[in-house]
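See structure below.
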Amino acid sequence: MQHPEGAAIVQGDRSVLVEVDHPSYERARDVLVRVAEIEKSPEHVHTYRLSDLALWNAAAAGARADEVIAGLRAISRFEVPAHVEHEVRDRMERHGVCSLHDVEGDAPGAGRLRLAVRDEFVKQRLVGDRKVAPMLSPCPDGFLIPVMYRGAVKQALLGLGYPVTDLAGMTPGAPLEIALRKDVFSPYGYQDAAARAFVGSGGHGVVVLACGGGKTIVALLTMHAIGARTLVLTAGREACSQWRREIVHKTHLAPEDVGVYDAARKTIAPVTVTTYSMLSQKGGDGPTRHRHFDTLAREPWGLVVYDEVHLLPAPVFRLTAELQARKRLGLTATLVREDGRAGDVFALIGPKRYDVPWRELEASGHIAAATCIELRVHLPSELKLVYANAELREQPRIAGENPQKLAALVELVARHEGDRVLVMGSYVDPLAAAGRLLGAPVVTGETPHDVREGAYADFRAGRVRRLCLSRVGNFAIDLPEANVLIQLSGTMGSRQEEAQRLGRVLRPKPGGATFYSLVTRDTVEQENALHRQLFLTEQGYRYFIEDWRGEEDERGRDLLH
């Protein structure tokens, strides 16, 4: 049976094709964004996949298999294949088959947990698994496990296809009253709802909000509700400073109660902010120890906040497995991970507890309306042969450093005379050339911390209206005045980077925001651009394609050399 009003086609391999120009496209996207992952987003037909992880996140958020199947039927042009419906039910029903509990009668600190398993076949699989079985001791309705294996068991079972519902108790941590300054800020309804969803879940999971949507506010509301000493993990040193400023400004905590533990300052306070890189540093007693992690893990934290959780470095996953007794809040604009370890975020931090699609926040005025433009720039004739003969690993750099992008950049900046413009890129030489061309400060990983902070302060105050940033600008840089971002180059096909960079200009403002991505035509950069745009396409953004028709300009070439 056909349903012409349906914008989607659900296929037997669990992929879903969606016709972008169909009148029911937005309805289909709204259904799929909560139960599927987007894989491709060319101009006319987008491809989603009903992945196990997406279905488990939906189940953790309270969705039932019947509801998901009804949604798929409602948007599909043809009958949903029966075996796909069966697989959706099977995957979603696996959520909750295995659950972790405290052992009744055990004294506090006894060091054991109970893994309840509702399915006899799953029990047999666990007993026969060489990786999992050594961590288990049989008991009447499942297994006993040492508490030290709490994280490892959850990771292993997710790998077997059975996500664990963690209902075991958590260490309350040392109490700490964190009163909020409601005279300074008033949380939005969705921020309150996100904090309530996390606290009501038992204290572990991820909140997904767009950049500029106020993830820090959600953390503060959560800290207030839990009322315990808190450790905040961030992506970098600037993020540490920004988090400390926000906490001191928006709570009644004294400045000395909020410490920063980084390379320059190793202050441990009731609320402490540190970086992932500090936790990852090896050292201490034994070759496998991490001295800073060991120091911080001894503190009586009741809550650990993972900022930009999609960036959690691989070494920190193992350390995170040791923090399973603490409440864990992950914050992110996107659960996308290019390394394929989104399952580890689910297992060790927790499932998605709350999210709001970016376009919903845009429609309600909580983030700026954004126009996304991909500007395709030709490669100069003398570089075409160089590119064609280059090794594959060199081609992205040649395309990214295309000197004609600088000529296009000048035109774009002139188009936005009077606006507050950020220029971002992954290659330092073109970025430095852009700074010279525009008379703008340039901030890279080599820029001293005080110089960086000075450049940011000048931009915020309007003393400079253009600022060039390398990848240091991808994360947790608070520049709310920016309304135009021009991306000279990106890191291969990174969807998370594309989302983070758009986020730099999404703070609410009159006139909205404009996001340009300069792409060298007919190169690997054009192919990567399609992949980079996947997440934002899923959120409802569409990229307008423009071809730059400018003449070859010697200035860019001269500045690059």
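Chain labels run A, B, ... following the order of the structure tokens; each chain numbers its residues from 1, and ligands are numbered from 1 in the order shown.
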
Using only C-alpha atoms, determine which residues lie at most 10 Å from Gly462 of chain A, disregarding the query and same-chain residues fewer than 6 positions distant; provide the list as a PDB file with C-alpha atoms, in the first residue's frame.
ATOM      1  CA  ARG A 420      31.117  41.536  13.994  1.00  0.00           C
ATOM      2  CA  TYR A 456      38.598  38.255  23.156  1.00  0.00           C
ATOM      3  CA  GLU A 481      28.497  39.794  19.802  1.00  0.00           C
TER       4      GLU A 481
END

Quick one: pick out all strand (DSSP E) residues within segment 232-440 of chain A from a backbone DSSP run and write them as a PyMOL selection string.
-> chain A and resi 232-234+258-261+271-275+303-306+327-332+352-355+370-377+421-424

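Of the listed residues A:Gly71, A:Gly62, A:Pro480, A:Gly203, the one whose atoms come nearest to Ala28 of chain A is A:Gly71, with distances taken using only C-alpha atoms.
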
Counting only C-alpha atoms, the residue of A:Arg465, A:His101, A:Arg73, A:His95 that sits nearest Leu158 of chain A =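 The closest residue to Leu158 of chain A is A:His95.
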
Fewer than 2 positions away in the same chain doesn't count, so skip those; otherwise give me all residues within 9 Å of segment 10-14 of chain A, counting only C-alpha atoms, as a ChimeraX atom specification.
-> /A:8,16-18,48-51,72-73,76-84,87-88

Would you export the selected residues with N, CA and C atoms as a PDB file, in the first residue's frame, please?
ATOM      1  N   ALA A   8       8.925   9.990   3.559  1.00  0.00           N
ATOM      2  CA  ALA A   8      10.019   9.064   3.854  1.00  0.00           C
ATOM      3  C   ALA A   8       9.768   7.699   3.225  1.00  0.00           C
ATOM      4  N   VAL A  16      16.506   5.088   6.128  1.00  0.00           N
ATOM      5  CA  VAL A  16      15.275   5.805   5.822  1.00  0.00           C
ATOM      6  C   VAL A  16      15.624   6.953   4.885  1.00  0.00           C
ATOM      7  N   LEU A  17      15.009   6.969   3.706  1.00  0.00           N
ATOM      8  CA  LEU A  17      15.222   8.045   2.742  1.00  0.00           C
ATOM      9  C   LEU A  17      14.130   9.092   2.927  1.00  0.00           C
ATOM     10  N   VAL A  18      14.514  10.375   2.921  1.00  0.00           N
ATOM     11  CA  VAL A  18      13.556  11.453   3.128  1.00  0.00           C
ATOM     12  C   VAL A  18      13.699  12.465   1.994  1.00  0.00           C
ATOM     13  N   TYR A  48      18.725   8.603   6.658  1.00  0.00           N
ATOM     14  CA  TYR A  48      18.836   8.362   8.095  1.00  0.00           C
ATOM     15  C   TYR A  48      19.012   6.862   8.333  1.00  0.00           C
ATOM     16  N   ARG A  49      19.445   6.503   9.545  1.00  0.00           N
ATOM     17  CA  ARG A  49      19.545   5.089   9.894  1.00  0.00           C
ATOM     18  C   ARG A  49      18.991   4.866  11.297  1.00  0.00           C
ATOM     19  N   LEU A  50      18.174   3.823  11.406  1.00  0.00           N
ATOM     20  CA  LEU A  50      17.608   3.437  12.699  1.00  0.00           C
ATOM     21  C   LEU A  50      18.646   2.603  13.448  1.00  0.00           C
ATOM     22  N   SER A  51      19.677   3.287  13.950  1.00  0.00           N
ATOM     23  CA  SER A  51      20.786   2.591  14.601  1.00  0.00           C
ATOM     24  C   SER A  51      20.374   2.091  15.986  1.00  0.00           C
ATOM     25  N   LEU A  72       6.984   5.884  12.357  1.00  0.00           N
ATOM     26  CA  LEU A  72       7.556   5.500  11.062  1.00  0.00           C
ATOM     27  C   LEU A  72       6.455   5.240  10.043  1.00  0.00           C
ATOM     28  N   ARG A  73       5.400   4.570  10.463  1.00  0.00           N
ATOM     29  CA  ARG A  73       4.289   4.306   9.543  1.00  0.00           C
ATOM     30  C   ARG A  73       3.639   5.601   9.077  1.00  0.00           C
ATOM     31  N   SER A  76       5.958   7.261   6.331  1.00  0.00           N
ATOM     32  CA  SER A  76       6.503   6.447   5.244  1.00  0.00           C
ATOM     33  C   SER A  76       5.551   6.377   4.052  1.00  0.00           C
ATOM     34  N   ARG A  77       6.098   6.539   2.859  1.00  0.00           N
ATOM     35  CA  ARG A  77       5.308   6.487   1.629  1.00  0.00           C
ATOM     36  C   ARG A  77       4.835   5.069   1.322  1.00  0.00           C
ATOM     37  N   PHE A  78       5.623   4.081   1.739  1.00  0.00           N
ATOM     38  CA  PHE A  78       5.280   2.685   1.521  1.00  0.00           C
ATOM     39  C   PHE A  78       5.172   1.985   2.866  1.00  0.00           C
ATOM     40  N   GLU A  79       4.681   0.752   2.838  1.00  0.00           N
ATOM     41  CA  GLU A  79       4.610  -0.033   4.064  1.00  0.00           C
ATOM     42  C   GLU A  79       6.000  -0.167   4.691  1.00  0.00           C
ATOM     43  N   VAL A  80       6.082  -0.023   6.000  1.00  0.00           N
ATOM     44  CA  VAL A  80       7.347  -0.262   6.692  1.00  0.00           C
ATOM     45  C   VAL A  80       7.609  -1.760   6.667  1.00  0.00           C
ATOM     46  N   PRO A  81       8.793  -2.196   6.180  1.00  0.00           N
ATOM     47  CA  PRO A  81       9.069  -3.640   6.126  1.00  0.00           C
ATOM     48  C   PRO A  81       8.856  -4.303   7.486  1.00  0.00           C
ATOM     49  N   ALA A  82       8.181  -5.467   7.452  1.00  0.00           N
ATOM     50  CA  ALA A  82       7.830  -6.145   8.703  1.00  0.00           C
ATOM     51  C   ALA A  82       9.060  -6.476   9.530  1.00  0.00           C
ATOM     52  N   HIS A  83      10.159  -6.878   8.875  1.00  0.00           N
ATOM     53  CA  HIS A  83      11.343  -7.254   9.653  1.00  0.00           C
ATOM     54  C   HIS A  83      12.006  -6.027  10.277  1.00  0.00           C
ATOM     55  N   VAL A  84      11.819  -4.836   9.693  1.00  0.00           N
ATOM     56  CA  VAL A  84      12.346  -3.620  10.311  1.00  0.00           C
ATOM     57  C   VAL A  84      11.555  -3.315  11.580  1.00  0.00           C
ATOM     58  N   GLU A  87      12.839  -5.589  14.178  1.00  0.00           N
ATOM     59  CA  GLU A  87      14.148  -5.203  14.703  1.00  0.00           C
ATOM     60  C   GLU A  87      14.044  -3.987  15.613  1.00  0.00           C
ATOM     61  N   VAL A  88      13.158  -3.051  15.295  1.00  0.00           N
ATOM     62  CA  VAL A  88      12.959  -1.900  16.177  1.00  0.00           C
ATOM     63  C   VAL A  88      12.457  -2.373  17.541  1.00  0.00           C
TER      64      VAL A  88
END
